[in-house]
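Colleague: Dropping in start-v6.tsv, which is TSV, C-alpha atoms:
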```tsv
chain	number	residue	atom	x	y	z
C	1	MET	CA	-21.91	0.12	-21.65
C	2	LEU	CA	-19.52	2.97	-22.30
C	3	ALA	CA	-20.86	5.50	-19.81
C	4	SER	CA	-19.80	4.11	-16.44
C	5	GLU	CA	-18.44	7.47	-15.25
C	6	GLU	CA	-21.18	9.01	-13.17
C	7	ARG	CA	-21.86	12.64	-13.94
C	8	GLN	CA	-21.27	14.87	-10.93
C	9	PRO	CA	-23.89	17.47	-9.96
C	10	TYR	CA	-21.52	20.36	-10.68
C	11	GLU	CA	-20.29	18.89	-13.97
C	12	SER	CA	-21.29	20.18	-17.40
C	13	ILE	CA	-22.28	17.67	-20.08
C	14	LYS	CA	-19.26	18.74	-22.13
C	15	HIS	CA	-16.85	18.01	-19.28
C	16	TRP	CA	-18.55	14.71	-18.43
C	17	VAL	CA	-18.38	13.48	-22.03
C	18	HIS	CA	-14.70	14.36	-22.28
C	19	ARG	CA	-13.93	12.70	-18.93
C	20	THR	CA	-15.90	9.57	-19.86
C	21	LEU	CA	-14.20	9.16	-23.24
C	22	ARG	CA	-10.80	9.89	-21.72
C	23	HIS	CA	-11.34	7.22	-19.06
C	24	ALA	CA	-12.57	4.75	-21.70
C	25	LEU	CA	-9.41	5.26	-23.75
C	26	MET	CA	-7.09	5.10	-20.76
C	27	THR	CA	-8.61	1.80	-19.61
C	28	GLY	CA	-8.59	0.21	-23.06
C	29	ARG	CA	-12.29	0.09	-23.86
C	30	PHE	CA	-11.31	1.04	-27.41
C	31	GLN	CA	-8.90	-1.08	-29.42
C	32	PRO	CA	-5.90	0.23	-31.41
C	33	GLY	CA	-7.08	1.03	-34.92
C	34	GLU	CA	-10.76	1.14	-33.92
C	35	PRO	CA	-12.79	3.88	-35.66
C	36	VAL	CA	-14.98	6.14	-33.55
C	37	THR	CA	-17.86	8.25	-34.79
C	38	ILE	CA	-19.58	11.28	-33.33
C	39	ASN	CA	-23.06	9.86	-33.86
C	40	GLY	CA	-22.16	6.46	-32.47
C	41	LEU	CA	-20.64	7.90	-29.30
C	42	ALA	CA	-23.49	10.41	-28.89
C	43	GLU	CA	-25.97	7.53	-29.04
C	44	MET	CA	-24.02	5.45	-26.52
C	45	LEU	CA	-23.77	8.38	-24.10
C	46	ASP	CA	-27.31	9.64	-24.81
C	47	VAL	CA	-26.13	13.17	-25.55
C	48	SER	CA	-26.17	15.48	-28.55
C	49	ALA	CA	-23.36	15.49	-31.11
C	50	MET	CA	-21.86	18.82	-29.99
C	51	PRO	CA	-20.18	17.77	-26.69
C	52	VAL	CA	-18.89	14.58	-28.37
C	53	ARG	CA	-17.42	16.57	-31.25
C	54	GLU	CA	-15.65	18.91	-28.80
C	55	ALA	CA	-14.35	16.00	-26.71
C	56	LEU	CA	-12.94	14.28	-29.80
C	57	GLN	CA	-11.16	17.47	-30.80
C	58	TYR	CA	-9.45	17.61	-27.40
C	59	LEU	CA	-8.51	13.93	-27.56
C	60	VAL	CA	-7.06	14.33	-31.05
C	61	ALA	CA	-5.00	17.27	-29.76
C	62	ASP	CA	-3.78	15.05	-26.88
C	63	GLY	CA	-2.67	12.36	-29.32
C	64	ALA	CA	-5.15	9.83	-27.88
C	65	LEU	CA	-7.08	9.77	-31.16
C	66	GLU	CA	-6.04	10.55	-34.73
C	67	LEU	CA	-7.86	12.41	-37.47
C	68	LEU	CA	-7.64	10.67	-40.84
C	69	ASP	CA	-7.60	12.35	-44.25
C	70	ASN	CA	-11.30	11.67	-44.76
C	71	ARG	CA	-12.04	13.46	-41.45
C	72	ARG	CA	-12.84	10.19	-39.72
C	73	VAL	CA	-11.40	9.58	-36.28
C	74	ARG	CA	-9.82	6.40	-34.95
C	75	VAL	CA	-7.71	5.09	-32.11
C	76	PRO	CA	-4.06	5.18	-33.27
C	77	GLU	CA	-2.25	1.96	-33.97
C	78	MET	CA	0.78	1.22	-31.78
C	79	VAL	CA	4.13	0.45	-33.39
C	80	PRO	CA	7.36	-0.59	-31.61
C	81	GLU	CA	9.16	2.71	-32.16
C	82	LYS	CA	6.28	4.76	-30.78
C	83	PHE	CA	5.87	2.32	-27.89
C	84	ASP	CA	9.53	2.62	-26.86
C	85	GLU	CA	9.35	6.42	-27.05
C	86	ILE	CA	6.26	6.54	-24.82
C	87	LEU	CA	7.90	4.21	-22.28
C	88	ALA	CA	11.05	6.35	-22.23
C	89	ALA	CA	8.93	9.45	-21.66
C	90	ARG	CA	6.98	7.72	-18.89
C	91	ILE	CA	10.15	6.71	-17.08
C	92	ALA	CA	11.66	10.19	-17.42
C	93	LEU	CA	8.57	12.03	-16.17
C	94	GLU	CA	7.40	9.58	-13.53
C	95	THR	CA	10.76	9.22	-11.82
C	96	VAL	CA	11.03	13.01	-11.60
C	97	ALA	CA	7.47	13.27	-10.25
C	98	ALA	CA	8.15	10.54	-7.67
C	99	GLU	CA	11.40	12.12	-6.50
C	100	ARG	CA	9.71	15.52	-6.11
C	101	ALA	CA	6.84	13.96	-4.14
C	102	LEU	CA	9.00	11.92	-1.78
C	103	PRO	CA	9.80	14.57	0.88
C	104	GLU	CA	6.08	15.14	1.48
C	105	MET	CA	4.99	11.49	1.60
C	106	ASP	CA	3.69	10.40	5.01
C	107	PHE	CA	2.41	7.20	6.63
C	108	ILE	CA	-1.18	8.00	5.64
C	109	ARG	CA	-0.16	8.15	2.00
C	110	VAL	CA	1.76	4.88	2.33
C	111	ALA	CA	-1.33	3.21	3.83
C	112	ARG	CA	-3.38	4.45	0.89
C	113	LEU	CA	-0.78	3.09	-1.53
C	114	GLN	CA	-0.90	-0.26	0.25
C	115	HIS	CA	-4.66	-0.35	-0.22
C	116	LEU	CA	-4.43	0.56	-3.91
C	117	ASP	CA	-1.78	-2.09	-4.49
C	118	SER	CA	-4.10	-4.70	-2.96
C	119	LEU	CA	-6.83	-3.56	-5.36
C	120	VAL	CA	-4.43	-4.07	-8.28
C	121	ASP	CA	-3.63	-7.60	-7.12
C	122	ASP	CA	-7.28	-8.48	-6.49
C	123	ALA	CA	-8.33	-7.24	-9.93
C	124	TYR	CA	-5.68	-9.14	-11.86
C	125	ASP	CA	-6.21	-12.28	-9.77
C	126	ALA	CA	-9.88	-12.08	-10.81
C	127	GLY	CA	-8.93	-11.56	-14.45
C	128	ASP	CA	-10.44	-8.05	-14.48
C	129	ILE	CA	-7.92	-6.20	-16.64
C	130	GLU	CA	-9.82	-2.91	-16.75
C	131	ARG	CA	-10.25	-2.71	-12.97
C	132	GLY	CA	-6.59	-3.59	-12.54
C	133	MET	CA	-5.53	-0.85	-14.94
C	134	VAL	CA	-7.62	1.72	-13.08
C	135	ALA	CA	-6.16	0.68	-9.71
C	136	ASN	CA	-2.64	0.74	-11.15
C	137	PHE	CA	-3.10	4.26	-12.51
C	138	ASP	CA	-4.56	5.30	-9.14
C	139	PHE	CA	-1.50	3.87	-7.36
C	140	HIS	CA	0.91	5.88	-9.48
C	141	ARG	CA	-1.25	9.01	-9.33
C	142	CYS	CA	-1.34	8.70	-5.54
C	143	ILE	CA	2.44	9.22	-5.54
C	144	TYR	CA	2.77	11.91	-8.17
C	145	GLU	CA	-0.11	14.13	-7.02
C	146	VAL	CA	1.55	14.85	-3.66
C	147	HIS	CA	3.82	17.55	-5.07
C	148	SER	CA	1.95	18.54	-8.21
C	149	ASN	CA	1.54	22.03	-9.60
C	150	GLY	CA	-0.47	20.96	-12.63
C	151	VAL	CA	2.48	20.39	-14.96
C	152	LEU	CA	4.00	16.92	-14.58
C	153	LEU	CA	0.84	14.98	-13.73
C	154	PRO	CA	-1.17	16.07	-16.82
C	155	MET	CA	1.84	15.22	-19.00
C	156	ILE	CA	2.09	11.78	-17.39
C	157	GLU	CA	-1.63	11.16	-17.78
C	158	SER	CA	-1.43	12.07	-21.48
C	159	LEU	CA	1.07	9.22	-21.89
C	160	TRP	CA	-1.21	6.80	-20.00
C	161	LEU	CA	-3.98	7.91	-22.36
C	162	ARG	CA	-1.92	7.01	-25.42
C	163	LEU	CA	-0.95	3.63	-23.95
C	164	GLY	CA	-4.38	2.58	-22.66
C	165	PRO	CA	-5.84	0.85	-25.74
C	166	PHE	CA	-2.64	-1.05	-26.47
C	167	MET	CA	-2.02	-1.83	-22.80
C	168	ARG	CA	-5.43	-3.50	-22.45
C	169	HIS	CA	-4.86	-5.54	-25.60
C	170	ALA	CA	-1.34	-6.58	-24.62
C	171	ALA	CA	-2.27	-7.49	-21.07
C	172	GLU	CA	-5.12	-9.92	-21.75
C	173	ASN	CA	-3.07	-13.11	-21.32
C	174	HIS	CA	0.26	-12.00	-19.95
C	175	TRP	CA	-0.13	-10.66	-16.40
C	176	GLN	CA	1.21	-13.91	-14.97
C	177	SER	CA	4.68	-12.86	-16.25
C	178	TYR	CA	4.78	-9.94	-13.78
C	179	LYS	CA	6.54	-11.77	-10.94
C	180	VAL	CA	8.00	-9.03	-8.70
C	181	ASP	CA	5.75	-6.54	-6.89
C	182	ARG	CA	7.48	-3.31	-7.84
C	183	HIS	CA	4.77	-1.38	-6.01
C	184	ALA	CA	5.93	-2.99	-2.76
C	185	GLU	CA	9.50	-1.95	-3.57
C	186	ALA	CA	8.30	1.60	-4.18
C	187	MET	CA	6.54	1.69	-0.81
C	188	VAL	CA	9.68	0.48	0.99
C	189	ALA	CA	11.66	3.22	-0.75
C	190	ILE	CA	9.05	5.79	0.31
C	191	ARG	CA	9.18	4.65	3.94
C	192	ASP	CA	12.99	4.84	3.84
C	193	LYS	CA	12.92	8.23	2.07
C	194	ASN	CA	15.28	6.72	-0.50
C	195	ALA	CA	14.88	8.66	-3.73
C	196	GLU	CA	17.18	6.47	-5.81
C	197	ALA	CA	15.44	3.29	-4.72
C	198	LEU	CA	12.06	4.86	-5.49
C	199	LYS	CA	13.14	5.87	-8.99
C	200	THR	CA	14.56	2.39	-9.55
C	201	ALA	CA	11.26	0.80	-8.46
C	202	ILE	CA	9.19	3.10	-10.70
C	203	THR	CA	11.46	2.39	-13.68
C	204	ALA	CA	11.33	-1.36	-13.09
C	205	ASP	CA	7.55	-1.25	-12.68
C	206	ILE	CA	7.14	0.37	-16.10
C	207	GLN	CA	9.70	-1.85	-17.81
C	208	ASP	CA	8.55	-5.12	-16.23
C	209	GLY	CA	4.86	-4.30	-16.57
C	210	ILE	CA	3.66	-2.67	-19.77
C	211	GLY	CA	7.19	-2.71	-21.19
C	212	HIS	CA	7.44	-6.50	-21.04
C	213	LEU	CA	3.83	-7.02	-22.07
C	214	GLY	CA	4.12	-4.71	-25.05
C	215	ARG	CA	7.34	-6.19	-26.36
C	216	THR	CA	5.90	-9.70	-25.96
C	217	GLN	CA	2.89	-8.59	-27.99
C	218	PHE	CA	5.08	-7.19	-30.77
C	219	LEU	CA	7.27	-10.32	-30.84
C	220	ASP	CA	4.21	-12.58	-31.01
C	221	ALA	CA	2.79	-10.53	-33.88
C	222	ALA	CA	6.11	-10.64	-35.74
C	223	ALA	CA	6.32	-14.42	-35.26
C	224	ARG	CA	2.80	-14.89	-36.62
C	225	ALA	CA	3.55	-12.67	-39.61
C	226	PHE	CA	6.73	-14.62	-40.34
C	227	ALA	CA	4.90	-17.95	-40.09
C	228	THR	CA	2.24	-16.90	-42.61
C	229	ARG	CA	4.93	-15.97	-45.15
C	230	ARG	CA	6.61	-19.38	-45.01
```
Output the file's structure in the form of C-alpha cells.

Modeller:
Amino acid sequence: MLASEERQPYESIKHWVHRTLRHALMTGRFQPGEPVTINGLAEMLDVSAMPVREALQYLVADGALELLDNRRVRVPEMVPEKFDEILAARIALETVAAERALPEMDFIRVARLQHLDSLVDDAYDAGDIERGMVANFDFHRCIYEVHSNGVLLPMIESLWLRLGPFMRHAAENHWQSYKVDRHAEAMVAIRDKNAEALKTAITADIQDGIGHLGRTQFLDAAARAFATRR
C-alpha cells in the first residue's frame, strides 16, 4: 500500500499527496526506470487527479522524476556518472551542514542520535530495508537540522530523493558489507566537538554505505552484461 503517510489534520490533500509520493521515492518504493501515471497514483491514494498532477510537477522539477517526450513520467535510471556526482554533492553539503550544526549539539541530541542509530541497526538486522533507510535519513537529518535556515537541508533532501529508488535496489543484498558503524564515529566526534572528525565520519558513512553499495551494483551489472556477450 503506497499511502502509509498519515494525513495530518491541518494538512491539505495537495500537501499530503506530495509528501506521500516524496517519501515513497526517498525510501525506494519505486524502482529506477519505473513509469508512474496520474490515474494509477490517484487510485492508489484515493484522491482526484489534480493533486497528483501537481505533486508530479514538483517532483519532476526536483529531479526525482523525469518527463519523457510523450509526456509520460517515470523514475529516472541511475548511471555511474550521475551516481558519483550525487555522492560528491552529498559529501560537500552534508559535511558543511554537520560542521555548522556542531557548536549547538548537546547531550540530548546525542541521545536522540544514539536511539536513531539503534533503529537503523534493528531494521537492517531484520532485513527491513525501507525502515532502515528511513531511520538512516532521520539520523542524518537529526544532525543537520540543528543549525538550519531552510537552505542546506532542503538541498540535501533533494539528493536523498534522487538516490532513494536506486539505494533501495542496491541495498537489497549488500548491507552485510557495511562493517564499521560510522554513525558511532560521528557521535564520538560530536561529543568531542571535533569538526574534522565529524566531517570524516560523515564522508566515510556516505562512501562506505550507499557509495560502496552503488558501485557494487554497477560492477555486478557490468559483469553480467559482459558475460552475456561472450

Colleague: Would you mind telling me which residue in C:Asp181, C:Glu130, C:Asp192, C:Glu157 lies nearest to Thr27 (chain C) when using all atoms listed in the file?

Modeller: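 Nearest candidate to Thr27 (chain C) out of C:Asp181, C:Glu130, C:Asp192, C:Glu157: C:Glu130.
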
Colleague: For a quick check of your reading of the model, name the residues lying within 7 Å of the coordinate (4.0, 2.6, -3.0), counting all atoms listed in the file, and write them as an NGL selection string.

Modeller: :C and (110 or 113-114 or 183-184 or 186-187 or 190)

Colleague: Taking all atoms listed in the file into account, produce a table as a Markdown table in which each residue of region 52-147 of chain C with an atom at most 10 Å from an atom of region 30-34 of chain C appears once, together with its shortest atom pair and the distance in Å to one decimal, ordered by chain and rising number.

Modeller:
```
| residue | atom | partner | partner_atom | distance |
| --- | --- | --- | --- | --- |
| C:Leu65 | CA | C:Gly33 | CA | 9.5 |
| C:Glu66 | CA | C:Gly33 | CA | 9.6 |
| C:Val73 | CA | C:Glu34 | CA | 8.8 |
| C:Arg74 | CA | C:Glu34 | CA | 5.4 |
| C:Val75 | CA | C:Gly33 | CA | 5.0 |
| C:Pro76 | CA | C:Gly33 | CA | 5.4 |
| C:Glu77 | CA | C:Pro32 | CA | 4.8 |
| C:Met78 | CA | C:Pro32 | CA | 6.8 |
```

Colleague: For Arg112 (chain C), which of C:Asp220, C:Glu85, C:Asp205, C:Asp138 is the closest residue, counting only C-alpha atoms?

Modeller: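 So, comparing all the options, the nearest one is C:Asp138.
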
Colleague: Give me the residues near Ala189 (chain C) as an mmCIF file with C-alpha atoms, in the frame of the given file, where near means some atom within 9 Å (using all atoms listed in the file) and where sequence neighbours in that chain fewer than 6 positions away do not count.

Modeller:
```
data_model
loop_
_atom_site.group_PDB
_atom_site.id
_atom_site.type_symbol
_atom_site.label_atom_id
_atom_site.label_comp_id
_atom_site.auth_asym_id
_atom_site.auth_seq_id
_atom_site.Cartn_x
_atom_site.Cartn_y
_atom_site.Cartn_z
ATOM 1 C CA ALA C 195 14.880 8.660 -3.730
ATOM 2 C CA GLU C 196 17.180 6.470 -5.810
ATOM 3 C CA ALA C 197 15.440 3.290 -4.720
ATOM 4 C CA LEU C 198 12.060 4.860 -5.490
ATOM 5 C CA LYS C 199 13.140 5.870 -8.990
ATOM 6 C CA ALA C 201 11.260 0.800 -8.460
#
```

Colleague: Determine the nearest neighbour of Tyr58 (chain C) from the options C:Gln8, C:Ile143, C:Ile206, C:Arg22, counting all atoms listed in the file.

Modeller: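 The shortest atom-to-atom distance to Tyr58 (chain C) comes from C:Arg22.
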
Colleague: Quote the spacing between CA of Asp106 (chain C) and CA of Ala92 (chain C) in Å to one decimal place.

Modeller: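 We find that CA of Asp106 (chain C) and CA of Ala92 (chain C) lie 23.8 Å from each other.
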
Colleague: CA of Arg100 (chain C) to CA of Ala64 (chain C): how many Å, to one decimal?

Modeller: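 Computing the Euclidean distance for CA of Arg100 (chain C) and CA of Ala64 (chain C) yields 27.0 Å.
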
Colleague: Kindly indicate which residue among C:Glu43, C:Glu81, C:Glu11, C:Asp122 lies nearest to Arg215 (chain C), using only C-alpha atoms for the distances.

Modeller: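 Residue with the minimum atom-to-atom distance to Arg215 (chain C): C:Glu81.
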
Colleague: Work out how far apart CA of Asp84 (chain C) and CA of Arg72 (chain C) are and give it in Å to one decimal.

Modeller: 26.9 Å

Colleague: Taking only C-alpha atoms into account, which of C:Ala170, C:Arg131, C:His18, C:Pro35 comes nearest Met50 (chain C)?

Modeller: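 Once distances to Met50 (chain C) are computed over only C-alpha atoms, the minimum belongs to C:His18.
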
Colleague: Using only C-alpha atoms, which protein or nucleic acid residues come within 10 Å of Glu145 (chain C)? Drop anything in the same chain fewer than 3 positions from it, and give the result as a PyMOL selection string.

Modeller: chain C and resi 97-98+100-101+140-142+148-150+152-153

Colleague: Output C-alpha atoms for every residue in the selection just made, as a PDB file, keeping the file's coordinate frame.

Modeller:
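Generated file (out-v9.pdb):
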```
ATOM      1  CA  ALA C  97       7.470  13.270 -10.250  1.00  0.00           C
ATOM      2  CA  ALA C  98       8.150  10.540  -7.670  1.00  0.00           C
ATOM      3  CA  ARG C 100       9.710  15.520  -6.110  1.00  0.00           C
ATOM      4  CA  ALA C 101       6.840  13.960  -4.140  1.00  0.00           C
ATOM      5  CA  HIS C 140       0.910   5.880  -9.480  1.00  0.00           C
ATOM      6  CA  ARG C 141      -1.250   9.010  -9.330  1.00  0.00           C
ATOM      7  CA  CYS C 142      -1.340   8.700  -5.540  1.00  0.00           C
ATOM      8  CA  SER C 148       1.950  18.540  -8.210  1.00  0.00           C
ATOM      9  CA  ASN C 149       1.540  22.030  -9.600  1.00  0.00           C
ATOM     10  CA  GLY C 150      -0.470  20.960 -12.630  1.00  0.00           C
ATOM     11  CA  LEU C 152       4.000  16.920 -14.580  1.00  0.00           C
ATOM     12  CA  LEU C 153       0.840  14.980 -13.730  1.00  0.00           C
TER      13      LEU C 153
END
```
